[in-house]
Amino acid sequence: MSTTRQYELIYITPPETTEDALAELHQQVQSVVERFGGTIERTEPWGRRRLAYEIGRHREGIYVLEVINGPGALTAELDRRLRVFDTVLRHLIVRTDDELAVAERARLRRKAAMMQRRVRRGLPPEPTEQERQPREDDDDDDAMFRMGGGR
Amino acid sequence: MSDDRDQRSGRPGGRAGAGGGADKGGRRGFFRRRRVCKFCVEKIDYINYKDVKLLTPFIPERGKIQPRRISGVCATHQRALQTAIKRARQVALIPYVTE
C-alpha cells in the first residue's frame, strides 16, 4: 500500500448480459479493489451503446465505468482478472489523477496570467459579475449599430 | 531593355489583384486557413476520451486522426487529442477504420 492513485476502469459486456451478471462482475471488481486497500469512488453504468466496430460478432455492448482510488499494483490484478472473464468483451484501465492534475495546473496558470494582466491594467484581479454582463450587451449594441449603418 | 522592364513591372501589377485574392485566402490559395487551436480557444485542458462529441470533428470519414496542419490544433493539444482518440478506439467508441 503505497501512494493512492486514481484510475478509470471501463468495460464492455455483451448486450444480452443480465443485471445479475453485471452485479456479479461489479462485485468481483470491488473485491479485487478492496483486497488492495482501494476504494471505488463511483460507478457509472452507461447502458447499451452501439460499438464503433464489431467485437466478436457483437454490434452493441453494455458499458460500465468505474472510478477507482487505490495503489498501482491493483491495476495489474484487475487487468488479469478481467481478461479471464468471457462476459467482458473489452476493458480499459487508465490512470487519471496525473492527467487531471496537469489540467488543473494549466487552468491555474491561465487564471494567474489573467489576474496579472488585470492588475497591470489597474483592475481588480477577479472580474466582477457586473463587468461581464454589460460587455455582452455592448456586443449586441455594436451589431445593431452595424446593421443600421448598412441600411 | 527599358520596355522590357516596364512590361515586367506591369505584369506583377496586373497580377496583384489575383495575388491579393490569394492572400486573403491564405498562402496557397486555400481559403480555409485559420490557425487557431480549438482547445486553446475554448480553454479545454483535459481532452477526455469518453467525450465522443469532442473528438469526432478530428476524425475524418476514413477514421484516421486528422493531421495538425489541417485542423490547426496546437502541438500540445494534438498530443493529448491523439492519446484520447487512441483510447476511445480501444473501447469501441470510435472506429479504427471505416470503409
# chains A, B, ... in the order shown; residues from 1 in each chain; ligands from 1
call {"tool": "residues_around", "arguments": {"residues": "A:Glu16", "least_positions_apart": "4", "cutoff": "12 Å", "atoms": "only C-alpha atoms", "output": "PyMOL selection string"}}
result
chain A and resi 12+20-22+47-48+58-62+87-88
call {"tool": "closest_atom_pairs", "arguments": {"of": "chain A", "to": "chain B", "cutoff": "8 Å", "atoms": "only C-alpha atoms", "output": "CSV"}}
result
residue,atom,partner,partner_atom,distance
A:Ile10,CA,B:Val91,CA,7.8
A:Tyr11,CA,B:Val91,CA,7.7
A:Ile12,CA,B:Val91,CA,7.6
A:Leu51,CA,B:Ala92,CA,5.3
A:Ala52,CA,B:Pro95,CA,4.9
A:Tyr53,CA,B:Pro95,CA,5.8
A:Arg90,CA,B:Val91,CA,6.5
A:His91,CA,B:Val91,CA,6.8
A:Leu92,CA,B:Val91,CA,6.9
A:Glu99,CA,B:Tyr46,CA,7.3
A:Leu100,CA,B:Tyr46,CA,6.8
A:Ala103,CA,B:Asp45,CA,4.8
A:Glu104,CA,B:Asp45,CA,7.6
A:Ala106,CA,B:Asp45,CA,6.6
A:Arg107,CA,B:Asp45,CA,6.9
call {"tool": "select_by_dssp", "arguments": {"residues": "chain A", "states": "strand (DSSP E or B)", "output": "PyMOL selection string"}}
result
chain A and resi 5-13+39-55+58-70+90-95
call {"tool": "write_last_selection", "arguments": {"atoms": "C-alpha atoms", "output": "PDB file, in the first residue's frame"}}
result
ATOM      1  CA  ARG A   5      -3.793   6.868  -7.359  1.00  0.00           C
ATOM      2  CA  GLN A   6      -6.941   7.334  -9.332  1.00  0.00           C
ATOM      3  CA  TYR A   7      -7.856   5.018 -12.155  1.00  0.00           C
ATOM      4  CA  GLU A   8     -10.725   4.738 -14.526  1.00  0.00           C
ATOM      5  CA  LEU A   9     -11.851   1.296 -15.450  1.00  0.00           C
ATOM      6  CA  ILE A  10     -14.192   0.925 -18.365  1.00  0.00           C
ATOM      7  CA  TYR A  11     -15.506  -2.419 -19.512  1.00  0.00           C
ATOM      8  CA  ILE A  12     -17.905  -3.652 -22.135  1.00  0.00           C
ATOM      9  CA  THR A  13     -20.124  -6.689 -21.810  1.00  0.00           C
ATOM     10  CA  THR A  39     -11.995   2.183  -2.932  1.00  0.00           C
ATOM     11  CA  ILE A  40     -14.455   2.570  -5.780  1.00  0.00           C
ATOM     12  CA  GLU A  41     -15.245   6.236  -5.960  1.00  0.00           C
ATOM     13  CA  ARG A  42     -18.205   5.914  -8.251  1.00  0.00           C
ATOM     14  CA  THR A  43     -19.765   3.611 -10.802  1.00  0.00           C
ATOM     15  CA  GLU A  44     -21.394   4.880 -13.943  1.00  0.00           C
ATOM     16  CA  PRO A  45     -23.417   2.363 -15.906  1.00  0.00           C
ATOM     17  CA  TRP A  46     -23.732   3.791 -19.407  1.00  0.00           C
ATOM     18  CA  GLY A  47     -26.081   1.086 -20.517  1.00  0.00           C
ATOM     19  CA  ARG A  48     -26.384  -0.239 -24.059  1.00  0.00           C
ATOM     20  CA  ARG A  49     -24.351   1.539 -26.674  1.00  0.00           C
ATOM     21  CA  ARG A  50     -23.556   0.869 -30.282  1.00  0.00           C
ATOM     22  CA  LEU A  51     -19.989  -0.268 -30.754  1.00  0.00           C
ATOM     23  CA  ALA A  52     -17.957   1.638 -33.306  1.00  0.00           C
ATOM     24  CA  TYR A  53     -16.820  -1.686 -34.740  1.00  0.00           C
ATOM     25  CA  GLU A  54     -17.744  -5.317 -34.224  1.00  0.00           C
ATOM     26  CA  ILE A  55     -16.130  -7.143 -31.354  1.00  0.00           C
ATOM     27  CA  HIS A  58     -21.339  -8.083 -31.282  1.00  0.00           C
ATOM     28  CA  ARG A  59     -22.524  -4.760 -32.619  1.00  0.00           C
ATOM     29  CA  GLU A  60     -23.710  -3.431 -29.287  1.00  0.00           C
ATOM     30  CA  GLY A  61     -22.431  -3.596 -25.775  1.00  0.00           C
ATOM     31  CA  ILE A  62     -23.161  -2.586 -22.223  1.00  0.00           C
ATOM     32  CA  TYR A  63     -20.634  -0.083 -20.947  1.00  0.00           C
ATOM     33  CA  VAL A  64     -19.713   0.307 -17.300  1.00  0.00           C
ATOM     34  CA  LEU A  65     -17.322   2.917 -15.978  1.00  0.00           C
ATOM     35  CA  GLU A  66     -15.754   2.667 -12.542  1.00  0.00           C
ATOM     36  CA  VAL A  67     -13.599   5.304 -10.938  1.00  0.00           C
ATOM     37  CA  ILE A  68     -11.177   3.628  -8.562  1.00  0.00           C
ATOM     38  CA  ASN A  69      -8.799   5.005  -5.964  1.00  0.00           C
ATOM     39  CA  GLY A  70      -6.006   2.701  -4.977  1.00  0.00           C
ATOM     40  CA  ARG A  90     -13.218  -5.300 -23.745  1.00  0.00           C
ATOM     41  CA  HIS A  91     -11.799  -3.356 -20.855  1.00  0.00           C
ATOM     42  CA  LEU A  92      -9.513  -0.401 -20.382  1.00  0.00           C
ATOM     43  CA  ILE A  93      -7.797   0.928 -17.286  1.00  0.00           C
ATOM     44  CA  VAL A  94      -6.496   4.465 -17.444  1.00  0.00           C
ATOM     45  CA  ARG A  95      -4.696   6.411 -14.765  1.00  0.00           C
TER      46      ARG A  95
END
call {"tool": "atom_distance", "arguments": {"atom1": "atom CA of B:Pro67", "atom2": "atom CA of B:Leu54"}}
result
16.0 Å
call {"tool": "closest_residue", "arguments": {"among": "A:Asp98, A:Glu19, A:Lys111, A:His26", "to": "A:Leu82", "atoms": "only C-alpha atoms"}}
result
A:His26
call {"tool": "atom_distance", "arguments": {"atom1": "atom CA of A:Leu74", "atom2": "atom CA of A:Val33"}}
result
6.5 Å
